[in-house]
Structures are given as structure tokens and as C-alpha cells.
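Below: run29.cif (mmCIF, C-alpha atoms)
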```cif
data_input
#
loop_
_atom_site.label_atom_id
_atom_site.label_comp_id
_atom_site.auth_asym_id
_atom_site.auth_seq_id
_atom_site.Cartn_x
_atom_site.Cartn_y
_atom_site.Cartn_z
CA MET Y 3 -21.11 13.61 13.66
CA PRO Y 4 -23.25 11.31 11.47
CA GLU Y 5 -26.60 10.12 12.83
CA SER Y 6 -26.04 6.58 11.60
CA CYS Y 7 -23.09 4.52 10.32
CA ARG Y 8 -23.15 2.91 6.91
CA SER Y 9 -20.07 0.73 7.31
CA ASN Y 10 -21.38 -1.75 9.90
CA GLY Y 11 -21.17 -5.34 8.83
CA LYS Y 12 -19.21 -8.56 8.90
CA LEU Y 13 -16.16 -9.61 6.91
CA VAL Y 14 -15.11 -13.25 6.58
CA LEU Y 15 -11.49 -13.65 5.50
CA PRO Y 16 -9.17 -16.51 4.56
CA SER Y 17 -6.11 -16.87 6.79
CA VAL Y 18 -3.67 -14.96 4.58
CA LEU Y 19 -1.84 -11.75 5.46
CA THR Y 20 -2.63 -10.09 2.13
CA GLU Y 21 -6.18 -9.60 3.48
CA LEU Y 22 -4.82 -7.03 5.95
CA GLU Y 23 -4.95 -4.23 3.39
CA LYS Y 24 -8.70 -4.77 2.93
CA VAL Y 25 -9.19 -4.86 6.71
CA ASP Y 26 -7.22 -1.65 7.13
CA GLY Y 27 -9.26 0.21 4.51
CA LEU Y 28 -12.62 -0.91 5.90
CA THR Y 29 -11.61 -0.08 9.47
CA LEU Y 30 -10.58 3.45 8.50
CA GLU Y 31 -13.87 3.87 6.66
CA CYS Y 32 -15.85 2.57 9.65
CA ALA Y 33 -14.02 4.79 12.16
CA LYS Y 34 -14.41 7.91 10.05
CA ASP Y 35 -18.05 7.03 9.44
CA ALA Y 36 -18.53 6.93 13.22
CA GLY Y 37 -17.13 10.44 13.44
CA LEU Y 38 -13.69 9.65 14.83
CA GLY Y 39 -10.90 12.03 13.81
CA GLU Y 40 -8.04 11.12 11.51
CA ASP Y 41 -5.59 10.21 14.29
CA ASP Y 42 -8.11 8.14 16.26
CA SER Y 43 -9.23 6.37 13.07
CA MET Y 44 -5.60 5.50 12.33
CA MET Y 45 -5.23 4.10 15.87
CA VAL Y 46 -8.32 1.92 15.43
CA ALA Y 47 -6.94 0.66 12.12
CA ILE Y 48 -3.58 -0.13 13.76
CA ALA Y 49 -5.35 -2.14 16.50
CA VAL Y 50 -7.64 -4.06 14.12
CA VAL Y 51 -4.72 -4.92 11.82
CA GLU Y 52 -2.88 -6.30 14.89
CA ALA Y 53 -5.90 -8.34 16.00
CA VAL Y 54 -6.37 -9.82 12.51
CA THR Y 55 -2.62 -10.49 12.19
CA ASN Y 56 -2.74 -12.44 15.47
CA ALA Y 57 -5.85 -14.31 14.31
CA ILE Y 58 -4.19 -15.36 11.03
CA VAL Y 59 -0.69 -16.10 12.37
CA HIS Y 60 -1.20 -17.38 15.91
CA GLY Y 61 -4.89 -18.36 15.90
CA ASN Y 62 -5.54 -20.04 12.57
CA ARG Y 63 -1.84 -20.60 11.81
CA PHE Y 64 -2.47 -19.80 8.12
CA ALA Y 65 -4.76 -22.87 7.79
CA ASP Y 66 -6.70 -23.02 4.49
CA ASP Y 67 -9.82 -24.35 6.21
CA LYS Y 68 -9.94 -21.72 8.96
CA PHE Y 69 -11.33 -18.22 8.61
CA VAL Y 70 -11.14 -14.89 10.41
CA THR Y 71 -14.33 -12.93 11.03
CA VAL Y 72 -14.22 -9.17 11.54
CA GLN Y 73 -17.41 -7.49 12.68
CA PHE Y 74 -17.78 -3.71 12.67
CA ASP Y 75 -20.40 -2.20 15.01
CA CYS Y 76 -20.13 1.55 14.69
CA GLU Y 77 -22.39 4.17 16.15
CA PRO Y 78 -21.97 7.91 16.21
CA GLY Y 79 -18.94 8.65 18.34
CA LYS Y 80 -18.00 5.02 19.03
CA VAL Y 81 -16.47 2.08 17.21
CA ARG Y 82 -16.64 -1.54 18.29
CA VAL Y 83 -14.76 -4.19 16.34
CA ILE Y 84 -14.93 -7.92 17.05
CA VAL Y 85 -12.27 -10.23 15.57
CA HIS Y 86 -12.76 -13.98 15.77
CA ASP Y 87 -10.51 -16.88 14.75
CA ASP Y 88 -10.94 -20.66 14.82
CA GLY Y 89 -7.67 -21.38 16.65
CA ASP Y 90 -6.91 -22.92 20.04
CA GLY Y 91 -6.54 -19.66 21.96
CA PHE Y 92 -3.43 -18.74 23.94
CA ASP Y 93 -2.16 -18.43 27.48
CA MET Y 94 -2.66 -14.83 28.63
CA SER Y 95 0.02 -15.32 31.31
CA CYS Y 96 2.60 -15.60 28.51
CA ILE Y 97 1.96 -12.02 27.36
CA TRP Y 98 4.87 -9.74 28.31
CA ASP Y 99 5.49 -6.02 28.27
CA PRO Y 100 7.51 -5.50 25.05
CA THR Y 101 8.71 -2.09 26.24
CA SER Y 102 10.52 -3.51 29.29
CA PRO Y 103 14.32 -3.33 28.93
CA ASP Y 104 14.76 -7.13 28.78
CA LYS Y 105 12.10 -7.52 26.05
CA GLN Y 106 12.61 -4.41 23.94
CA MET Y 107 14.84 -6.13 21.40
CA GLU Y 108 12.49 -9.08 20.86
CA CYS Y 109 11.24 -9.59 17.28
CA SER Y 110 7.69 -10.54 18.36
CA GLY Y 111 5.16 -10.08 21.16
CA ARG Y 112 4.00 -6.49 20.48
CA GLY Y 113 0.54 -7.05 18.96
CA ILE Y 114 -1.61 -7.23 22.10
CA TYR Y 115 0.38 -4.46 23.75
CA ILE Y 116 -0.31 -2.17 20.76
CA MET Y 117 -4.03 -3.02 20.79
CA ARG Y 118 -4.30 -2.21 24.49
CA GLU Y 119 -2.35 1.03 24.11
CA VAL Y 120 -4.45 2.50 21.31
CA MET Y 121 -7.99 1.29 22.10
CA ASP Y 122 -10.20 2.21 25.07
CA THR Y 123 -11.10 -1.41 25.84
CA VAL Y 124 -9.76 -4.78 24.63
CA GLU Y 125 -11.38 -8.00 25.83
CA PHE Y 126 -10.52 -11.62 25.01
CA ASP Y 127 -12.87 -14.61 25.03
CA MET Y 128 -11.29 -17.99 24.34
CA SER Y 129 -14.31 -20.22 24.89
CA ASP Y 130 -14.61 -21.00 21.14
CA GLY Y 131 -11.53 -20.03 19.18
CA THR Y 132 -10.39 -16.54 20.14
CA THR Y 133 -12.71 -13.54 20.06
CA VAL Y 134 -11.24 -10.07 20.62
CA THR Y 135 -13.67 -7.24 21.26
CA MET Y 136 -12.22 -3.74 21.04
CA THR Y 137 -13.85 -0.35 21.46
CA LYS Y 138 -12.82 3.24 20.97
CA ALA Y 139 -14.94 6.34 21.48
CA ILE Y 140 -14.41 10.03 20.79
CA MET K 25 7.13 -6.15 -1.05
CA LYS K 26 10.10 -5.04 -3.13
CA VAL K 27 13.66 -4.48 -1.89
CA LYS K 28 16.34 -2.74 -3.94
CA THR K 29 19.78 -1.64 -2.80
CA GLU K 30 22.08 1.07 -4.11
CA MET K 31 25.53 1.82 -2.70
CA GLN K 32 26.35 5.44 -1.89
CA ASP K 33 30.09 5.22 -1.16
CA ASP K 34 30.21 2.72 1.72
CA VAL K 35 26.56 3.17 2.72
CA ALA K 36 24.04 0.62 1.50
CA VAL K 37 20.73 2.39 0.90
CA VAL K 38 18.01 -0.23 0.91
CA HIS K 39 14.75 0.92 -0.69
CA VAL K 40 11.71 -0.98 0.54
CA SER K 41 8.29 -0.68 -1.04
CA GLY K 42 4.96 -2.35 -0.37
CA LYS K 43 3.44 -3.65 2.84
CA LEU K 44 5.83 -4.82 5.53
CA MET K 45 3.49 -7.14 7.40
CA GLY K 46 5.37 -10.32 8.06
CA GLY K 47 5.17 -13.64 6.29
CA PRO K 48 7.52 -14.80 3.54
CA GLU K 49 7.81 -11.31 2.01
CA SER K 50 9.66 -9.99 5.06
CA GLU K 51 12.32 -12.59 4.27
CA ASN K 52 13.27 -10.47 1.23
CA LEU K 53 14.44 -7.69 3.53
CA ARG K 54 16.19 -10.04 5.96
CA ASN K 55 17.98 -11.85 3.11
CA GLU K 56 19.03 -8.59 1.44
CA ILE K 57 20.57 -7.25 4.66
CA LYS K 58 22.19 -10.60 5.48
CA GLY K 59 23.77 -10.73 2.01
CA LEU K 60 25.16 -7.22 2.39
CA ILE K 61 26.55 -8.03 5.85
CA ASP K 62 28.22 -11.13 4.40
CA GLU K 63 29.83 -8.91 1.76
CA GLY K 64 31.29 -6.72 4.52
CA THR K 65 28.86 -3.78 4.48
CA LYS K 66 28.72 -1.99 7.84
CA ARG K 67 26.60 1.09 7.14
CA PHE K 68 22.92 0.79 6.23
CA VAL K 69 20.06 3.14 5.51
CA ILE K 70 16.62 1.60 5.05
CA ASN K 71 14.46 3.98 3.03
CA LEU K 72 10.81 3.34 3.92
CA HIS K 73 9.40 5.84 1.44
CA GLY K 74 7.39 3.12 -0.30
CA VAL K 75 5.99 1.60 2.89
CA PRO K 76 2.81 3.37 4.01
CA TRP K 77 2.20 1.12 7.00
CA ILE K 78 3.43 -1.96 8.82
CA ASN K 79 2.11 -4.21 11.57
CA SER K 80 3.88 -5.64 14.60
CA THR K 81 5.17 -8.54 12.49
CA GLY K 82 6.77 -6.01 10.15
CA LEU K 83 8.20 -4.26 13.22
CA GLY K 84 9.67 -7.63 14.16
CA ALA K 85 11.33 -7.85 10.73
CA LEU K 86 12.89 -4.42 11.27
CA MET K 87 14.06 -5.46 14.74
CA SER K 88 15.55 -8.61 13.23
CA VAL K 89 17.62 -6.72 10.65
CA TYR K 90 18.59 -4.11 13.25
CA THR K 91 19.90 -6.89 15.52
CA SER K 92 21.79 -8.54 12.62
CA VAL K 93 23.50 -5.25 11.76
CA GLN K 94 24.36 -4.58 15.42
CA ARG K 95 25.85 -8.07 15.78
CA SER K 96 28.07 -7.43 12.77
CA GLU K 97 29.24 -4.22 14.49
CA GLY K 98 27.51 -2.17 11.84
CA SER K 99 25.03 0.69 12.04
CA LEU K 100 21.50 1.08 10.69
CA LYS K 101 19.42 4.20 10.11
CA LEU K 102 15.87 4.60 8.81
CA CYS K 103 14.48 7.39 6.65
CA ASN K 104 11.19 8.53 5.11
CA VAL K 105 9.20 6.92 7.92
CA SER K 106 5.45 7.53 7.45
CA ASP K 107 3.40 9.13 10.23
CA ARG K 108 1.67 5.81 10.84
CA ILE K 109 4.94 3.88 11.23
CA GLN K 110 6.31 6.69 13.41
CA SER K 111 3.22 6.33 15.63
CA LEU K 112 3.88 2.62 15.92
CA PHE K 113 7.50 3.31 16.93
CA MET K 114 6.21 5.73 19.56
CA ILE K 115 3.60 3.32 20.95
CA THR K 116 6.13 0.50 21.23
CA LYS K 117 8.90 2.83 22.46
CA LEU K 118 11.13 1.79 19.56
CA LEU K 119 11.88 5.43 18.78
CA THR K 120 14.69 5.03 21.31
CA ILE K 121 16.11 2.12 19.29
CA PHE K 122 15.72 3.23 15.68
CA ASP K 123 17.72 6.19 14.41
CA THR K 124 15.29 7.89 12.02
CA TYR K 125 15.77 10.76 9.56
CA PRO K 126 13.27 12.70 7.45
CA THR K 127 15.19 12.19 4.19
CA GLU K 128 17.61 9.72 2.62
CA LYS K 129 20.19 12.46 2.16
CA GLU K 130 20.16 13.32 5.87
CA ALA K 131 20.43 9.66 6.86
CA VAL K 132 23.40 9.04 4.54
CA GLU K 133 25.14 12.26 5.62
CA ALA K 134 24.71 11.29 9.27
CA PHE K 135 27.34 8.58 8.67
CA LYS K 136 29.96 11.16 7.62
#
```

Just give me the structure of the file as C-alpha cells.
Amino acid sequence: MPESCRSNGKLVLPSVLTELEKVDGLTLECAKDAGLGEDDSMMVAIAVVEAVTNAIVHGNRFADDKFVTVQFDCEPGKVRVIVHDDGDGFDMSCIWDPTSPDKQMECSGRGIYIMREVMDTVEFDMSDGTTVTMTKAI
Amino acid sequence: MKVKTEMQDDVAVVHVSGKLMGGPESENLRNEIKGLIDEGTKRFVINLHGVPWINSTGLGALMSVYTSVQRSEGSLKLCNVSDRIQSLFMITKLLTIFDTYPTEKEAVEAFK
């Protein structure tokens, strides 16, 4: 396991989905740098891509003047990623279980479920835009 | 994202390449499948060989075309699904919905 992580830092992105590829690559780099295995690193990348997708689509609604910030705080054995958007937040009571029989065929509503399934912790703060803080440890 | 279809007898094999992550590009896939349904095609294989990963919005696009095919009383199979996409199917329990095959040949032959 490395003693320190080189890939910590902040990324500020325009609200366009083509940025997801960059986010994916940097997340994988960060997770591997923290010493996570290949499967766990892939799970972290899946979760961060979902958080940034939500920030672009539902938070900033593709607005040219709004940005998404992704902050990587890695330490040996643990990854913390914070995703922030400038949107209006959302109603947590409207989040459903997409694996329930009556929702399984829906075309949307899986992002937060996926994040919660693959990360150790997922926390939302909607006091100023939406901030999602996610962690995963070895 | 690129979408290209070839007919193998009565099976439409739809090759998708690039990132399936929602937005206007996913419309290419929806429009391709809709056009084929309108022409009377009932059997579909979507070959995901050129798609290394997708997000939940891309999953939604796949669900959308799956539903369109089902409504037209057709059948849809997927092949060459990457490990990452397979993981996403497992997490979201969509493995029970999508009929997946390791290769295009196996997916096409499954219709016979």
C-alpha cells in the first residue's frame, strides 16, 4: 500500500456528459493510488460517474454557467470523493428502490441506488447546491 | 456513440460503440431500434463489444429499447457485455431482465 497518494486534488467541470470519461479515468487512478484493488477501484469509478451524471443532468441541468466540482481525498487504504453541483437539490423522499418489482422496468432512478450499493458511505448535503460525499475503504 | 445494424437472416444485430451515457447520443440507439421495429423486425441482438462502460442513464437507454421491443412482441438479447457493464446489471438486478450471451454467434443462434 502506498504511504501517500499523488492523485488528490480538485476537478472543476462544465455541465456536459462528455466530461464523464475524464472523471472515470481520474477516479480509477485515485482509487488504485490509495491501494484499492481492481474490483473496488471499478466500483468507486462507477459510483463517482453516477454522482457526476446526477450533478450534470439533475443538479445543473446542463446549464452553461454552472459547474461540477469533484474533489479526491485519498489516503492509503481509503478513498473519499466529494461531488458538488450548483443546482436546487432534490427531495430525498422521492428516491425509490429501482430493484422493486414495480420499479424494475423504469428507465431512470438507479443512480443513487448504485452509489449506495457500491460505496461504504454516501452522504448528501443540500444546503448550497448538492454535495455528495462518498467513501470506500479496503 | 456509433450504431450500425446488419441483418443475419431475420435477426437484426445492432453494433454499438462508444460511451453509452445518456444525452442526445443515446437517441441514436433508440431511433435505430424504433426504425427496425417499424420495418417489422422482431428479433434483436445488441452487440456491446465497443462499449467499455455505461452509466445509469445508459442503462435507462437499454431499458427503453428493451421495453420498445417487448411492446412490439419482439425479443432482445445482448452480447459481448464488458465486466463493468455486467457488474452494473448485477448491482441493479437487471441480469434477470436482460438475456446476455458471451458472443454474437451464441446470441444469434439462441433465436433458432

Excluding stretch 10-20 of chain Y and residues on its chain fewer than 2 positions from it, collect all residues at most 6 Å away from it, counting only C-alpha atoms, and give them as JSON, numbers by chain. {"Y": [8, 22, 58, 64, 69, 70, 71, 72, 73, 74, 75, 76]}

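Nearest-residue note for Y:Gly131: choosing from Y:Glu119, Y:Asp88, Y:Glu108, Y:Asp93, the minimum distance belongs to Y:Asp88, counting all atoms listed in the file.
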
Kindly assemble as JSON lines a list of the chain K residues that lie within 7 Å of chain Y, each paired with its nearest atom pair and their distance in Å to one decimal, using all atoms listed in the file, sorted first by chain and then by ascending residue number.
```
{"residue": "K:Asn79", "atom": "CA", "partner": "Y:Glu52", "partner_atom": "CA", "distance": 6.3}
{"residue": "K:Ser80", "atom": "CA", "partner": "Y:Gly113", "partner_atom": "CA", "distance": 5.7}
{"residue": "K:Thr81", "atom": "CA", "partner": "Y:Ser110", "partner_atom": "CA", "distance": 6.7}
{"residue": "K:Gly84", "atom": "CA", "partner": "Y:Cys109", "partner_atom": "CA", "distance": 4.0}
{"residue": "K:Ala85", "atom": "CA", "partner": "Y:Cys109", "partner_atom": "CA", "distance": 6.8}
{"residue": "K:Met87", "atom": "CA", "partner": "Y:Cys109", "partner_atom": "CA", "distance": 5.6}
{"residue": "K:Ser88", "atom": "CA", "partner": "Y:Cys109", "partner_atom": "CA", "distance": 6.0}
{"residue": "K:Ile115", "atom": "CA", "partner": "Y:Ile116", "partner_atom": "CA", "distance": 6.7}
{"residue": "K:Thr116", "atom": "CA", "partner": "Y:Thr101", "partner_atom": "CA", "distance": 6.2}
{"residue": "K:Lys117", "atom": "CA", "partner": "Y:Thr101", "partner_atom": "CA", "distance": 6.2}
```

Computed interatomic separation between atom CA of Y:Gly61 and atom CA of Y:Val81 (Å): 23.5 Å

Write out as a PDB file with C-alpha atoms, in the frame of the given file each polymer residue whose atoms come within 12 Å of K:Arg54, counting all atoms listed in the file; drop sequence neighbours fewer than 6 positions from it.
```pdb
ATOM      1  CA  VAL K  27      13.660  -4.480  -1.890  1.00  0.00           C
ATOM      2  CA  VAL K  38      18.010  -0.230   0.910  1.00  0.00           C
ATOM      3  CA  VAL K  40      11.710  -0.980   0.540  1.00  0.00           C
ATOM      4  CA  LEU K  44       5.830  -4.820   5.530  1.00  0.00           C
ATOM      5  CA  GLY K  46       5.370 -10.320   8.060  1.00  0.00           C
ATOM      6  CA  GLY K  47       5.170 -13.640   6.290  1.00  0.00           C
ATOM      7  CA  PRO K  48       7.520 -14.800   3.540  1.00  0.00           C
ATOM      8  CA  LEU K  60      25.160  -7.220   2.390  1.00  0.00           C
ATOM      9  CA  ILE K  61      26.550  -8.030   5.850  1.00  0.00           C
ATOM     10  CA  ILE K  70      16.620   1.600   5.050  1.00  0.00           C
ATOM     11  CA  GLY K  82       6.770  -6.010  10.150  1.00  0.00           C
ATOM     12  CA  GLY K  84       9.670  -7.630  14.160  1.00  0.00           C
ATOM     13  CA  ALA K  85      11.330  -7.850  10.730  1.00  0.00           C
ATOM     14  CA  LEU K  86      12.890  -4.420  11.270  1.00  0.00           C
ATOM     15  CA  MET K  87      14.060  -5.460  14.740  1.00  0.00           C
ATOM     16  CA  SER K  88      15.550  -8.610  13.230  1.00  0.00           C
ATOM     17  CA  VAL K  89      17.620  -6.720  10.650  1.00  0.00           C
ATOM     18  CA  TYR K  90      18.590  -4.110  13.250  1.00  0.00           C
ATOM     19  CA  THR K  91      19.900  -6.890  15.520  1.00  0.00           C
ATOM     20  CA  SER K  92      21.790  -8.540  12.620  1.00  0.00           C
ATOM     21  CA  VAL K  93      23.500  -5.250  11.760  1.00  0.00           C
TER      22      VAL K  93
END
```

Report as a PDB file with C-alpha atoms, in the frame of the given file the full result of the PyMOL selection byres ((chain Y and resi 29-35) around 9) when it is applied to this structure.
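What ended up in result-v8.pdb:
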```pdb
ATOM      1  CA  MET Y   3     -21.110  13.610  13.660  1.00  0.00           C
ATOM      2  CA  PRO Y   4     -23.250  11.310  11.470  1.00  0.00           C
ATOM      3  CA  SER Y   6     -26.040   6.580  11.600  1.00  0.00           C
ATOM      4  CA  CYS Y   7     -23.090   4.520  10.320  1.00  0.00           C
ATOM      5  CA  ARG Y   8     -23.150   2.910   6.910  1.00  0.00           C
ATOM      6  CA  SER Y   9     -20.070   0.730   7.310  1.00  0.00           C
ATOM      7  CA  ASN Y  10     -21.380  -1.750   9.900  1.00  0.00           C
ATOM      8  CA  LYS Y  24      -8.700  -4.770   2.930  1.00  0.00           C
ATOM      9  CA  VAL Y  25      -9.190  -4.860   6.710  1.00  0.00           C
ATOM     10  CA  ASP Y  26      -7.220  -1.650   7.130  1.00  0.00           C
ATOM     11  CA  GLY Y  27      -9.260   0.210   4.510  1.00  0.00           C
ATOM     12  CA  LEU Y  28     -12.620  -0.910   5.900  1.00  0.00           C
ATOM     13  CA  ALA Y  36     -18.530   6.930  13.220  1.00  0.00           C
ATOM     14  CA  GLY Y  37     -17.130  10.440  13.440  1.00  0.00           C
ATOM     15  CA  LEU Y  38     -13.690   9.650  14.830  1.00  0.00           C
ATOM     16  CA  GLY Y  39     -10.900  12.030  13.810  1.00  0.00           C
ATOM     17  CA  GLU Y  40      -8.040  11.120  11.510  1.00  0.00           C
ATOM     18  CA  ASP Y  42      -8.110   8.140  16.260  1.00  0.00           C
ATOM     19  CA  SER Y  43      -9.230   6.370  13.070  1.00  0.00           C
ATOM     20  CA  MET Y  44      -5.600   5.500  12.330  1.00  0.00           C
ATOM     21  CA  VAL Y  46      -8.320   1.920  15.430  1.00  0.00           C
ATOM     22  CA  ALA Y  47      -6.940   0.660  12.120  1.00  0.00           C
ATOM     23  CA  VAL Y  50      -7.640  -4.060  14.120  1.00  0.00           C
ATOM     24  CA  VAL Y  51      -4.720  -4.920  11.820  1.00  0.00           C
ATOM     25  CA  PHE Y  74     -17.780  -3.710  12.670  1.00  0.00           C
ATOM     26  CA  ASP Y  75     -20.400  -2.200  15.010  1.00  0.00           C
ATOM     27  CA  CYS Y  76     -20.130   1.550  14.690  1.00  0.00           C
ATOM     28  CA  GLU Y  77     -22.390   4.170  16.150  1.00  0.00           C
ATOM     29  CA  PRO Y  78     -21.970   7.910  16.210  1.00  0.00           C
ATOM     30  CA  GLY Y  79     -18.940   8.650  18.340  1.00  0.00           C
ATOM     31  CA  LYS Y  80     -18.000   5.020  19.030  1.00  0.00           C
ATOM     32  CA  VAL Y  81     -16.470   2.080  17.210  1.00  0.00           C
ATOM     33  CA  VAL Y  83     -14.760  -4.190  16.340  1.00  0.00           C
TER      34      VAL Y  83
END
```

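Here, the PyMOL selection byres ((chain K and resi 39) around 9) matches Lys26, Val27, Lys28, Thr29, Glu30, Val37, Val38, Val40, Ser41, Val69, Ile70, Asn71, Leu72, His73 and Gly74 of chain K.
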
Quick one: write out the picked residues with C-alpha atoms as a PDB file, in the frame of the given file?
```pdb
ATOM      1  CA  LYS K  26      10.100  -5.040  -3.130  1.00  0.00           C
ATOM      2  CA  VAL K  27      13.660  -4.480  -1.890  1.00  0.00           C
ATOM      3  CA  LYS K  28      16.340  -2.740  -3.940  1.00  0.00           C
ATOM      4  CA  THR K  29      19.780  -1.640  -2.800  1.00  0.00           C
ATOM      5  CA  GLU K  30      22.080   1.070  -4.110  1.00  0.00           C
ATOM      6  CA  VAL K  37      20.730   2.390   0.900  1.00  0.00           C
ATOM      7  CA  VAL K  38      18.010  -0.230   0.910  1.00  0.00           C
ATOM      8  CA  VAL K  40      11.710  -0.980   0.540  1.00  0.00           C
ATOM      9  CA  SER K  41       8.290  -0.680  -1.040  1.00  0.00           C
ATOM     10  CA  VAL K  69      20.060   3.140   5.510  1.00  0.00           C
ATOM     11  CA  ILE K  70      16.620   1.600   5.050  1.00  0.00           C
ATOM     12  CA  ASN K  71      14.460   3.980   3.030  1.00  0.00           C
ATOM     13  CA  LEU K  72      10.810   3.340   3.920  1.00  0.00           C
ATOM     14  CA  HIS K  73       9.400   5.840   1.440  1.00  0.00           C
ATOM     15  CA  GLY K  74       7.390   3.120  -0.300  1.00  0.00           C
TER      16      GLY K  74
END
```

Got a sec: who's within 12 Å of Y:Asp127, counting all atoms listed in the file, leaving out chain neighbours fewer than 3 positions off, as a short mmCIF file (atom, residue, chain, number, x, y, z; two decimals) with C-alpha atoms, in the coordinates of the input?
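Once everything was written out, this is selection-v4.cif:
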```cif
data_model
loop_
_atom_site.label_atom_id
_atom_site.label_comp_id
_atom_site.auth_asym_id
_atom_site.auth_seq_id
_atom_site.Cartn_x
_atom_site.Cartn_y
_atom_site.Cartn_z
CA ILE Y 84 -14.93 -7.92 17.05
CA VAL Y 85 -12.27 -10.23 15.57
CA HIS Y 86 -12.76 -13.98 15.77
CA ASP Y 87 -10.51 -16.88 14.75
CA GLY Y 89 -7.67 -21.38 16.65
CA ASP Y 90 -6.91 -22.92 20.04
CA GLY Y 91 -6.54 -19.66 21.96
CA PHE Y 92 -3.43 -18.74 23.94
CA ASP Y 93 -2.16 -18.43 27.48
CA MET Y 94 -2.66 -14.83 28.63
CA VAL Y 124 -9.76 -4.78 24.63
CA ASP Y 130 -14.61 -21.00 21.14
CA GLY Y 131 -11.53 -20.03 19.18
CA THR Y 132 -10.39 -16.54 20.14
CA THR Y 133 -12.71 -13.54 20.06
CA VAL Y 134 -11.24 -10.07 20.62
CA THR Y 135 -13.67 -7.24 21.26
CA MET Y 136 -12.22 -3.74 21.04
#
```

Selection result for the PyMOL selection byres ((chain K and resi 63-65) around 8) on this file, as JSON, numbers by chain: {"K": [34, 35, 36, 59, 60, 61, 62, 66, 67, 68, 98]}
